[in-house]
Every structure is written in C-alpha cells, then in structure tokens.
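Dropping coords.tsv in here (TSV, C-alpha atoms and all ligand atoms):
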chain	number	residue	atom	x	y	z
A	216	MET	CA	-24.99	-5.61	16.07
A	217	GLY	CA	-21.76	-7.13	14.81
A	218	LEU	CA	-20.34	-3.92	13.36
A	219	ARG	CA	-16.57	-3.49	13.20
A	220	GLY	CA	-14.30	-0.63	12.30
A	221	GLY	CA	-11.17	-0.65	10.18
A	222	ILE	CA	-8.47	1.96	9.62
A	223	ASP	CA	-5.91	2.02	6.85
A	224	LEU	CA	-3.18	4.34	8.09
A	225	GLY	CA	-1.07	5.77	5.29
A	226	GLY	CA	1.39	8.56	4.68
A	227	THR	CA	-1.06	10.45	2.47
A	228	LYS	CA	-4.44	9.57	3.90
A	229	ILE	CA	-6.28	7.87	6.72
A	230	GLN	CA	-9.14	5.68	5.47
A	231	ALA	CA	-11.71	4.43	7.95
A	232	VAL	CA	-14.61	2.05	7.34
A	233	ILE	CA	-17.42	0.54	9.36
A	234	VAL	CA	-18.36	-2.92	8.11
A	235	GLY	CA	-21.24	-5.26	8.92
A	236	ALA	CA	-21.21	-8.95	9.79
A	237	SER	CA	-20.90	-9.96	6.12
A	238	HIS	CA	-18.13	-7.39	5.55
A	239	GLY	CA	-20.30	-4.90	3.62
A	240	VAL	CA	-19.20	-1.29	4.07
A	241	ARG	CA	-21.80	0.67	6.11
A	242	GLY	CA	-19.87	3.88	6.53
A	243	GLN	CA	-16.53	5.35	5.53
A	244	ALA	CA	-14.39	8.45	5.91
A	245	ARG	CA	-11.12	9.51	4.37
A	246	ILE	CA	-8.98	12.36	5.67
A	247	PRO	CA	-5.50	13.56	4.74
A	248	THR	CA	-2.80	12.43	7.15
A	249	PRO	CA	-1.92	15.53	9.23
A	250	LYS	CA	1.77	16.32	8.95
A	251	ASP	CA	2.27	19.00	11.59
A	252	GLY	CA	1.00	17.42	14.83
A	253	GLY	CA	3.37	14.48	15.12
A	254	PRO	CA	2.10	11.01	16.09
A	255	ASP	CA	-0.45	12.56	18.50
A	256	GLY	CA	-2.01	14.53	15.66
A	257	VAL	CA	-2.20	11.40	13.53
A	258	ILE	CA	-3.89	9.39	16.28
A	259	ALA	CA	-6.42	12.18	16.85
A	260	ALA	CA	-7.15	12.16	13.11
A	261	MET	CA	-7.60	8.37	13.16
A	262	ALA	CA	-10.19	8.71	15.94
A	263	GLU	CA	-11.94	11.47	13.99
A	264	ALA	CA	-12.07	9.33	10.83
A	265	VAL	CA	-13.64	6.42	12.73
A	266	ARG	CA	-16.20	8.73	14.38
A	267	THR	CA	-17.18	10.19	10.99
A	268	ALA	CA	-17.54	6.73	9.44
A	269	ALA	CA	-19.52	5.57	12.49
A	270	THR	CA	-21.89	8.52	12.17
A	271	GLU	CA	-22.54	7.52	8.56
A	272	ALA	CA	-23.19	3.95	9.73
A	273	GLU	CA	-25.45	5.31	12.51
A	274	VAL	CA	-23.55	3.63	15.31
A	275	GLU	CA	-21.64	4.85	18.37
A	276	THR	CA	-17.97	3.87	18.29
A	277	SER	CA	-18.41	2.32	21.76
A	278	ALA	CA	-21.05	-0.04	20.28
A	279	LEU	CA	-18.57	-1.47	17.75
A	280	ASP	CA	-17.13	-4.96	18.29
A	281	GLY	CA	-13.76	-3.28	17.85
A	282	VAL	CA	-11.61	-1.31	15.45
A	283	GLY	CA	-8.71	-2.84	13.54
A	284	ILE	CA	-5.79	-0.77	12.34
A	285	GLY	CA	-3.47	-1.55	9.47
A	286	SER	CA	-0.31	0.45	10.08
A	287	PRO	CA	3.08	0.89	8.46
A	288	GLY	CA	6.21	0.90	10.63
A	289	GLU	CA	7.11	-1.77	13.18
A	290	VAL	CA	3.84	-3.09	14.51
A	291	ASP	CA	3.59	-5.12	17.70
A	292	PRO	CA	0.03	-6.50	17.74
A	293	ASP	CA	0.28	-7.90	21.29
A	294	ALA	CA	1.64	-4.71	22.85
A	295	GLY	CA	-0.63	-2.51	20.68
A	296	THR	CA	2.31	-0.36	19.67
A	297	VAL	CA	3.70	1.15	16.48
A	298	THR	CA	7.37	2.12	16.26
A	299	ASN	CA	9.21	4.15	13.61
A	300	ALA	CA	6.31	4.87	11.26
A	301	TYR	CA	8.39	7.41	9.32
A	302	ASN	CA	6.16	7.07	6.27
A	303	VAL	CA	3.23	8.43	8.28
A	304	VAL	CA	5.00	11.41	9.88
A	305	PRO	CA	8.78	11.87	9.86
A	306	ASP	CA	8.94	12.43	13.63
A	307	TRP	CA	7.27	9.07	14.45
A	308	ASN	CA	10.66	7.87	15.68
A	309	ARG	CA	9.60	6.16	18.89
A	310	THR	CA	7.20	3.52	20.20
A	311	ILE	CA	3.62	4.79	20.47
A	312	SER	CA	0.82	2.94	22.28
A	313	VAL	CA	-1.67	3.47	19.48
A	314	GLY	CA	-3.91	0.65	20.73
A	315	ASP	CA	-4.34	1.99	24.28
A	316	ILE	CA	-4.86	5.59	23.20
A	317	LEU	CA	-7.51	4.73	20.61
A	318	ALA	CA	-9.24	2.20	22.89
A	319	THR	CA	-9.79	5.05	25.37
A	320	GLU	CA	-10.74	7.57	22.65
A	321	LEU	CA	-13.24	5.31	20.91
A	322	GLY	CA	-14.46	3.20	23.85
A	323	THR	CA	-13.90	-0.10	22.07
A	324	LYS	CA	-11.17	-2.70	21.67
A	325	ILE	CA	-8.41	-2.15	19.14
A	326	GLY	CA	-6.64	-4.68	16.91
A	327	LEU	CA	-3.36	-3.85	15.27
A	328	GLY	CA	-1.64	-5.29	12.20
A	329	ASN	CA	0.83	-4.51	9.45
A	330	ASP	CA	-0.85	-2.48	6.68
A	331	VAL	CA	0.26	-4.64	3.75
A	332	ARG	CA	-0.49	-7.91	5.53
A	333	VAL	CA	-4.04	-6.90	6.41
A	334	ALA	CA	-4.63	-5.74	2.82
A	335	THR	CA	-3.34	-9.10	1.54
A	336	ALA	CA	-5.61	-10.93	4.01
A	337	ALA	CA	-8.58	-8.90	2.75
A	338	GLU	CA	-7.88	-9.82	-0.89
A	339	PHE	CA	-7.38	-13.46	0.12
A	340	ARG	CA	-10.59	-13.74	2.12
A	341	LEU	CA	-12.91	-11.35	0.30
A	342	GLY	CA	-11.28	-10.14	-2.92
A	343	ALA	CA	-9.35	-11.26	-5.97
A	344	GLY	CA	-7.48	-13.96	-4.01
A	345	LYS	CA	-10.59	-15.87	-2.92
A	346	PRO	CA	-10.22	-18.82	-5.35
A	347	TYR	CA	-6.63	-19.56	-4.25
A	348	ARG	CA	-4.75	-21.19	-1.38
A	349	SER	CA	-1.46	-19.42	-2.02
A	350	LEU	CA	-1.09	-15.81	-2.92
A	351	LEU	CA	1.36	-12.94	-3.28
A	352	GLY	CA	-0.09	-9.48	-2.66
A	353	VAL	CA	1.89	-6.61	-4.19
A	354	PHE	CA	0.98	-3.08	-3.14
A	355	TRP	CA	2.39	-0.53	-5.55
A	356	GLY	CA	2.31	2.93	-4.02
A	357	THR	CA	4.72	5.27	-2.22
A	358	GLY	CA	6.83	2.17	-1.70
A	359	VAL	CA	6.18	-1.39	-2.84
A	360	GLY	CA	4.94	-3.72	-0.13
A	361	GLY	CA	4.21	-7.41	-0.29
A	362	GLY	CA	2.12	-9.95	1.60
A	363	ILE	CA	2.38	-13.73	1.36
A	364	ILE	CA	-0.28	-16.38	1.96
A	365	LEU	CA	0.89	-20.00	1.84
A	366	ASN	CA	-1.52	-22.93	2.23
A	367	GLY	CA	-4.20	-20.53	3.40
A	368	SER	CA	-2.11	-18.91	6.16
A	369	PRO	CA	-0.13	-15.68	6.21
A	370	TRP	CA	3.63	-16.21	6.08
A	371	ARG	CA	5.38	-13.77	8.38
A	372	GLY	CA	8.85	-15.27	8.45
A	373	ARG	CA	10.52	-13.94	11.59
A	374	GLY	CA	8.22	-10.93	11.40
A	375	ALA	CA	9.51	-9.16	8.32
A	376	ALA	CA	8.54	-11.42	5.39
A	377	GLY	CA	7.05	-9.88	2.28
A	378	GLU	CA	9.43	-6.96	1.74
A	379	ILE	CA	9.21	-7.47	-1.99
A	380	GLY	CA	10.06	-3.83	-2.67
A	381	HIS	CA	13.60	-4.50	-1.52
A	382	MET	CA	14.25	-7.48	-3.76
A	383	VAL	CA	17.29	-6.60	-5.83
A	384	VAL	CA	16.44	-6.24	-9.51
A	385	ARG	CA	19.79	-4.71	-10.45
A	386	ARG	CA	23.10	-5.07	-8.60
A	387	ASN	CA	24.73	-1.70	-7.92
A	388	GLY	CA	21.56	-0.17	-9.34
A	389	ALA	CA	19.54	2.91	-8.44
A	390	LYS	CA	19.72	4.19	-4.88
A	391	CYS	CA	16.68	3.05	-2.88
A	392	THR	CA	14.97	5.19	-0.26
A	393	CYS	CA	15.99	2.41	2.20
A	394	GLY	CA	19.62	3.37	1.60
A	395	ARG	CA	20.50	0.23	-0.38
A	396	GLU	CA	21.01	-0.12	-4.11
A	397	GLY	CA	19.09	-1.73	-6.94
A	398	CYS	CA	15.89	-2.54	-5.00
A	399	MET	CA	12.70	-2.95	-7.01
A	400	GLU	CA	11.28	-0.01	-5.04
A	401	ALA	CA	14.14	2.22	-6.22
A	402	TYR	CA	12.58	1.95	-9.70
A	403	SER	CA	8.91	1.40	-8.88
A	404	GLY	CA	8.07	3.21	-5.65
A	405	ARG	CA	6.26	6.51	-6.07
A	406	ARG	CA	8.69	8.29	-3.75
A	407	ALA	CA	11.74	7.04	-5.66
A	408	MET	CA	10.07	7.86	-8.98
A	409	GLU	CA	9.41	11.41	-7.81
A	410	LEU	CA	13.05	11.87	-6.77
A	411	GLU	CA	14.15	10.59	-10.19
A	412	ALA	CA	11.66	12.89	-11.98
A	413	ARG	CA	13.03	15.90	-10.06
A	414	ARG	CA	16.61	14.88	-10.84
A	415	ARG	CA	15.92	14.51	-14.57
A	416	MET	CA	14.03	17.80	-14.69
A	417	LYS	CA	17.05	19.53	-13.16
A	418	HIS	CA	19.10	18.08	-16.00
A	419	GLY	CA	16.83	19.70	-18.56
A	420	GLU	CA	14.18	17.07	-19.30
A	421	LYS	CA	10.70	18.47	-19.81
A	422	THR	CA	7.66	17.20	-17.93
A	423	ALA	CA	4.19	18.38	-16.96
A	424	LEU	CA	4.24	16.25	-13.78
A	425	PHE	CA	4.93	19.09	-11.37
A	426	LYS	CA	2.55	21.50	-13.09
A	427	ILE	CA	-0.20	18.91	-12.74
A	428	MET	CA	0.79	18.47	-9.09
A	429	GLU	CA	0.45	22.20	-8.43
A	430	ARG	CA	-2.84	22.48	-10.27
A	431	LYS	CA	-4.20	19.58	-8.21
A	432	LYS	CA	-2.89	21.38	-5.08
A	433	ARG	CA	-0.74	18.39	-4.10
A	434	VAL	CA	2.63	18.52	-2.38
A	435	ALA	CA	3.89	15.28	-3.94
A	436	LEU	CA	3.39	13.32	-7.15
A	437	THR	CA	0.30	11.35	-6.19
A	438	SER	CA	-1.07	8.43	-8.19
A	439	GLY	CA	-3.64	10.78	-9.71
A	440	VAL	CA	-0.86	13.11	-10.90
A	441	TRP	CA	1.01	10.21	-12.55
A	442	ALA	CA	-2.21	8.96	-14.16
A	443	GLU	CA	-2.98	12.38	-15.65
A	444	ALA	CA	0.56	12.82	-16.98
A	445	LEU	CA	0.33	9.38	-18.63
A	446	GLU	CA	-3.01	10.30	-20.23
A	447	HIS	CA	-1.27	13.31	-21.81
A	448	ASN	CA	1.61	11.14	-23.04
A	449	ASP	CA	4.13	13.04	-20.93
A	450	ALA	CA	7.46	11.63	-22.10
A	451	LEU	CA	9.23	11.64	-18.72
A	452	ALA	CA	6.24	10.18	-16.85
A	453	THR	CA	5.84	7.48	-19.51
A	454	ASP	CA	9.51	6.58	-19.33
A	455	LEU	CA	9.55	6.36	-15.52
A	456	ILE	CA	6.37	4.29	-15.40
A	457	ASP	CA	7.73	1.93	-18.10
A	458	ARG	CA	10.85	1.52	-15.97
A	459	ALA	CA	8.68	0.89	-12.90
A	460	VAL	CA	6.59	-1.73	-14.69
A	461	ALA	CA	9.73	-3.53	-15.96
A	462	ALA	CA	11.19	-3.62	-12.43
A	463	LEU	CA	7.90	-4.90	-10.99
A	464	GLY	CA	7.83	-7.63	-13.64
A	465	ALA	CA	11.36	-8.77	-12.77
A	466	GLY	CA	10.87	-8.59	-8.99
A	467	ILE	CA	7.46	-10.27	-8.87
A	468	ALA	CA	8.55	-13.03	-11.26
A	469	SER	CA	11.62	-13.68	-9.09
A	470	ALA	CA	9.40	-13.98	-6.02
A	471	VAL	CA	7.12	-16.39	-7.89
A	472	ASN	CA	10.15	-18.47	-8.93
A	473	LEU	CA	10.95	-18.85	-5.22
A	474	ILE	CA	7.54	-19.57	-3.69
A	475	ASP	CA	5.44	-20.67	-6.72
A	476	VAL	CA	2.16	-19.15	-5.56
A	477	GLU	CA	-1.05	-19.71	-7.53
A	478	ALA	CA	-1.85	-16.04	-7.88
A	479	VAL	CA	-0.49	-12.51	-7.64
A	480	VAL	CA	-2.82	-9.66	-6.65
A	481	ILE	CA	-1.67	-6.14	-7.44
A	482	GLY	CA	-3.07	-3.22	-5.46
A	483	GLY	CA	-1.74	-0.09	-3.76
A	484	GLY	CA	-2.31	3.55	-4.70
A	485	LEU	CA	-0.67	3.37	-8.12
A	486	GLY	CA	-1.82	-0.17	-8.87
A	487	THR	CA	-5.43	0.69	-8.10
A	488	ARG	CA	-5.31	4.05	-9.90
A	489	LEU	CA	-3.67	2.75	-13.09
A	490	GLY	CA	-5.79	-0.41	-13.01
A	491	GLU	CA	-6.19	-3.40	-15.33
A	492	PRO	CA	-4.12	-2.19	-18.32
A	493	TYR	CA	-1.06	-1.78	-16.09
A	494	VAL	CA	-1.63	-5.06	-14.28
A	495	ALA	CA	-1.64	-6.69	-17.75
A	496	ARG	CA	1.62	-4.91	-18.57
A	497	ILE	CA	3.24	-6.07	-15.32
A	498	GLU	CA	2.09	-9.62	-16.10
A	499	GLN	CA	3.65	-9.32	-19.55
A	500	GLN	CA	6.93	-8.06	-18.06
A	501	MET	CA	6.97	-11.00	-15.63
A	502	GLY	CA	6.88	-13.49	-18.52
A	503	PRO	CA	10.54	-13.55	-19.59
A	504	HIS	CA	11.69	-13.94	-15.96
A	505	LEU	CA	9.45	-16.87	-15.00
A	506	PHE	CA	11.39	-20.11	-14.72
A	507	VAL	CA	8.33	-22.32	-15.25
A	508	ASP	CA	6.94	-20.13	-17.98
A	509	ALA	CA	4.47	-22.72	-19.24
A	510	ARG	CA	2.49	-22.38	-16.00
A	511	PRO	CA	2.47	-18.74	-14.93
A	512	PRO	CA	0.50	-17.64	-11.86
A	513	ALA	CA	-2.81	-15.83	-12.28
A	514	VAL	CA	-2.28	-12.07	-12.00
A	515	HIS	CA	-5.19	-9.95	-10.82
A	516	LEU	CA	-5.95	-6.36	-9.92
A	517	ALA	CA	-6.92	-6.02	-6.24
A	518	ALA	CA	-10.71	-6.35	-6.15
A	519	LEU	CA	-11.34	-4.29	-3.01
A	520	GLY	CA	-9.71	-1.19	-4.47
A	521	ASP	CA	-8.50	1.46	-2.11
A	522	LEU	CA	-10.85	0.33	0.68
A	523	GLY	CA	-9.04	-3.04	0.86
A	524	GLY	CA	-6.59	-1.92	3.53
A	525	ALA	CA	-9.31	-0.64	5.84
A	526	ILE	CA	-11.60	-3.63	5.26
A	527	GLY	CA	-8.62	-5.92	5.89
A	528	ALA	CA	-7.90	-4.08	9.14
A	529	SER	CA	-11.48	-4.69	10.28
A	530	LEU	CA	-10.83	-8.44	9.88
A	531	LEU	CA	-8.38	-8.16	12.79
A	532	ILE	CA	-11.44	-7.96	15.06
A	533	LYS	CA	-12.76	-11.47	15.57
A	534	ARG	CA	-16.39	-11.97	16.26
B	601	ZN	ZN	15.34	-0.77	-0.71
As structure tokens - that is how I would like this structure written.
Amino acid sequence: MGLRGGIDLGGTKIQAVIVGASHGVRGQARIPTPKDGGPDGVIAAMAEAVRTAATEAEVETSALDGVGIGSPGEVDPDAGTVTNAYNVVPDWNRTISVGDILATELGTKIGLGNDVRVATAAEFRLGAGKPYRSLLGVFWGTGVGGGIILNGSPWRGRGAAGEIGHMVVRRNGAKCTCGREGCMEAYSGRRAMELEARRRMKHGEKTALFKIMERKKRVALTSGVWAEALEHNDALATDLIDRAVAALGAGIASAVNLIDVEAVVIGGGLGTRLGEPYVARIEQQMGPHLFVDARPPAVHLAALGDLGGAIGASLLIKR
C-alpha cells in the first residue's frame, strides 16, 4: 500500500504520523513523553503512538513499509542506536537499540535519523524549502537546532554539523545549558529562557509566566505559555523574547555569512507557535549582521508546522 510511519521524538511529546505514497498524512497521534519509565518507557510510548496513528489510518503496523524516527541525542543510523538522549529523559545516559526494539514491537523495519536533520529534509523536499537548492533550517524550541542543505544534499560535516544553537553571539556571555558561555541558545532556547525567567523573578521582577504555566497544568514554560504571556504584554516575557529574537538574528545572519544559503526556514516549537510575525522580526534582526546585505536570503516559516519532524522521519523509509 506504500504507507510509512514517522516519529518525532521530543522531550515534551512524541508525535507519530502515518503517511501515504504522496506524503499526505493518513493518521497521527501525539502523546506526552513519559518521564518516569526511563528509555524503556519512552520506547513503549513510541510504539503506542505509532499503533494509535496506524489505527486512524486503518493499517496494521506490520503492513507499513517501515517507520522512521527522528531522535535527539547521538544517533547511529546504521547501528539503529540512540545514545545520551538527555533531552528526552535525563536517565537516557547509555546506548539503546531503539531500532531493534521497535522493529520487533511494530513488526516492520525502522529507520533512524537526527531529529533536526529529518525536519530540515522535510522542509527541503515538501515544505517551505522546496524552491531552493541550499537551505538552513533553524528549529527554535527547548534548544535551537540547525540543519544544512547544500547543493541539494544534507551537510553533516563529521557528523555534528548544524549546531547553530551553540554559535557564540556574545563572548563571555550568558551561561548555556551546554556548559559554555555566550551561545545563541543561552539567549534563545526555551530551557535557558525559563532559567533566566526564574532567576529574574527571584530578584523581584514580576511575571505571569508561571501562573499561566500552572493554569495550563504544565511543568515547564511551554511555547503556548510564552505565547499567552506575550499576548498579555507580560513585561518579563516580552523582554526575554526580544532578547531571544535579537540573538537568533545575530546567530542566523552569521551562519548565512559563512555558507550563503538561498533560504532560511524557521520552525521548532516556539517558531511554529509564534509564527510569521516573529519570523519577520528575526529576519529584521538579521539585517544589520548580514555582510552582503543587498542580497539577503529568503526567510520563511516552516510550512509543515509541528508535523514536519514526524513527516521528515517518514522520509527515512525509502520505497
Ligand atoms: Zn551552548
């Protein structure tokens, strides 16, 4: 039947899709990433998400051509393993044979790839990057990830290319969650922004961010929480987002100065949630930092929205 599955594995949620031969979504399921069962619990939840999506698509998982997984952490596509996926669950501190386990669970073959790279591939092949041959994907969420396409092919470097979140936008700057200083992510990543919001609140600044979080029954400042605080002109939220946008502008423009891609596509939880107006603001903040400012790259919002990661993962399964 030519149906394929895709899983976007994240620290907050697991998104599964079933897509048809022309990449249309036939079924989908989204479940929160379980935090108390370790990597085993996460893998069980991934299988459950695929089964639910497959039920919606009226197909058995064993009848799928395969299921692709976009995962954070150190991904080894050939071995089918994921190592040190701390963003998913903190105790994912070893190498797990995700591919073998899920192949047995779901009765189909499994493809594995880096989450940001598969999302970039999806935008390049099916989304906002379609008209271009060279592309920088920027995924603004818990952290800030990047994917690079040059001359129509993904650029992996020695395996770790695209870590745009850790470009230095200020020497001796804010402490990054990676342990270094002045990274773009230290200003723009949702996790770093939350730490900064908590720090400033302790020092007496007022904000509704955490009240909104509690009302929404969240345990962290999600993109939806930030969006709501911005709608209510919360001073602290506005200031931290302005700072994030300025850092993204500087970091993305610096990357463009280096590789001169035709287009930048901005996605991720925050990028998708805040949408076009914020993409326009990032583009504006890039301006002063672009060396060839007479010919800026096109800057687009990711067209596949928050299903892009899962659809991209499904592309790992070749027909
Ligand atoms: Zn960093």
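For the residues A:Asp255, A:Asp306, A:Asp291, A:Asp280, ranking by smallest atom-to-atom distance to Gly235 in chain A using all atoms listed in the file places A:Asp280 first.
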Contact check, chain A to ligand ZN 601 (chain B), at most 10 Å, counting only C-alpha atoms and all ligand atoms, closest pairs as a Markdown table:
| residue | atom | partner | partner_atom | distance |
| --- | --- | --- | --- | --- |
| A:Gly358 | CA | B:ZN601 | ZN | 9.1 |
| A:Val359 | CA | B:ZN601 | ZN | 9.4 |
| A:Glu378 | CA | B:ZN601 | ZN | 8.9 |
| A:Ile379 | CA | B:ZN601 | ZN | 9.2 |
| A:Gly380 | CA | B:ZN601 | ZN | 6.4 |
| A:His381 | CA | B:ZN601 | ZN | 4.2 |
| A:Met382 | CA | B:ZN601 | ZN | 7.5 |
| A:Val383 | CA | B:ZN601 | ZN | 8.0 |
| A:Ala389 | CA | B:ZN601 | ZN | 9.5 |
| A:Lys390 | CA | B:ZN601 | ZN | 7.8 |
| A:Cys391 | CA | B:ZN601 | ZN | 4.6 |
| A:Thr392 | CA | B:ZN601 | ZN | 6.0 |
| A:Cys393 | CA | B:ZN601 | ZN | 4.4 |
| A:Gly394 | CA | B:ZN601 | ZN | 6.4 |
| A:Arg395 | CA | B:ZN601 | ZN | 5.3 |
| A:Glu396 | CA | B:ZN601 | ZN | 6.6 |
| A:Gly397 | CA | B:ZN601 | ZN | 7.3 |
| A:Cys398 | CA | B:ZN601 | ZN | 4.7 |
| A:Met399 | CA | B:ZN601 | ZN | 7.2 |
| A:Glu400 | CA | B:ZN601 | ZN | 6.0 |
| A:Ala401 | CA | B:ZN601 | ZN | 6.4 |
| A:Tyr402 | CA | B:ZN601 | ZN | 9.8 |
| A:Gly404 | CA | B:ZN601 | ZN | 9.6 |
| A:Ala407 | CA | B:ZN601 | ZN | 9.9 |
Atomic distance CA of Trp355 in chain A - CA of Asn387 in chain A, expressed in Å with one decimal: 22.5 Å
field: Contact residues around Arg496 in chain A with all atoms listed in the file at 12 Å, ignoring same-chain residues under 4 positions, as a PyMOL selection string
entry: chain A and resi 456-465+481+486+489-492+500-502+514-516
message: Report, in Å with one decimal, the straight-line distance from CA of Asp449 in chain A to CA of Glu429 in chain A.
response: 15.9 Å
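If you measure from each of A:Ala525, A:Ala272, A:Val494, A:Ile532 to Lys228 in chain A using all atoms listed in the file, the closest one turns out to be A:Ala525.
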- prompt: Just how far from CA of Thr487 in chain A is CA of Ile229 in chain A, in Å to one decimal?
  reply: 16.5 Å
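Here the question is which of A:Glu338, A:Glu409, A:Glu263, A:Glu273 gets nearest to Leu321 in chain A using all atoms listed in the file, and that residue is A:Glu263.
For the set A:Gly344, A:Gly360, A:Gly328, A:Gly377, the residue with the smallest atom-to-atom gap to Val290 in chain A is A:Gly328, counting only C-alpha atoms.
Once Thr422 in chain A and its same-chain neighbours fewer than 3 positions away are set aside, Ala412, Met416, Phe425, Lys426, Ala444, Asp449, Ala450, Leu451 and Ala452 of chain A remain within 9 Å of it when counting all atoms listed in the file.
By chain and then residue number, the residues within 10 Å of Ala336 in chain A are Val331, Arg332, Val333, Ala334, Glu338, Phe339, Arg340, Leu341, Gly342, Gly344, Lys345, Leu350, Gly352, Gly362, Ile363, Ile364, Gly367, Ser368, Pro369, Gly523, Gly524, Ile526, Gly527, Ala528, Leu530 and Leu531 of chain A, counting only C-alpha atoms and disregarding those fewer than 2 positions away in sequence.
Of the listed residues (A:Ala509, A:Met428, A:Ala495, A:Leu522), A:Leu522 comes nearest to Val232 in chain A; the distances count all atoms listed in the file.
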task: Please provide as an MDAnalysis selection string all residues within 9 Å of Leu224 in chain A, with the sequence filter that same-chain residues fewer than 5 positions apart are discarded (counting only C-alpha atoms).
output: chainID A and resid 229:231 248 257 261 284:287 303 330 524:525
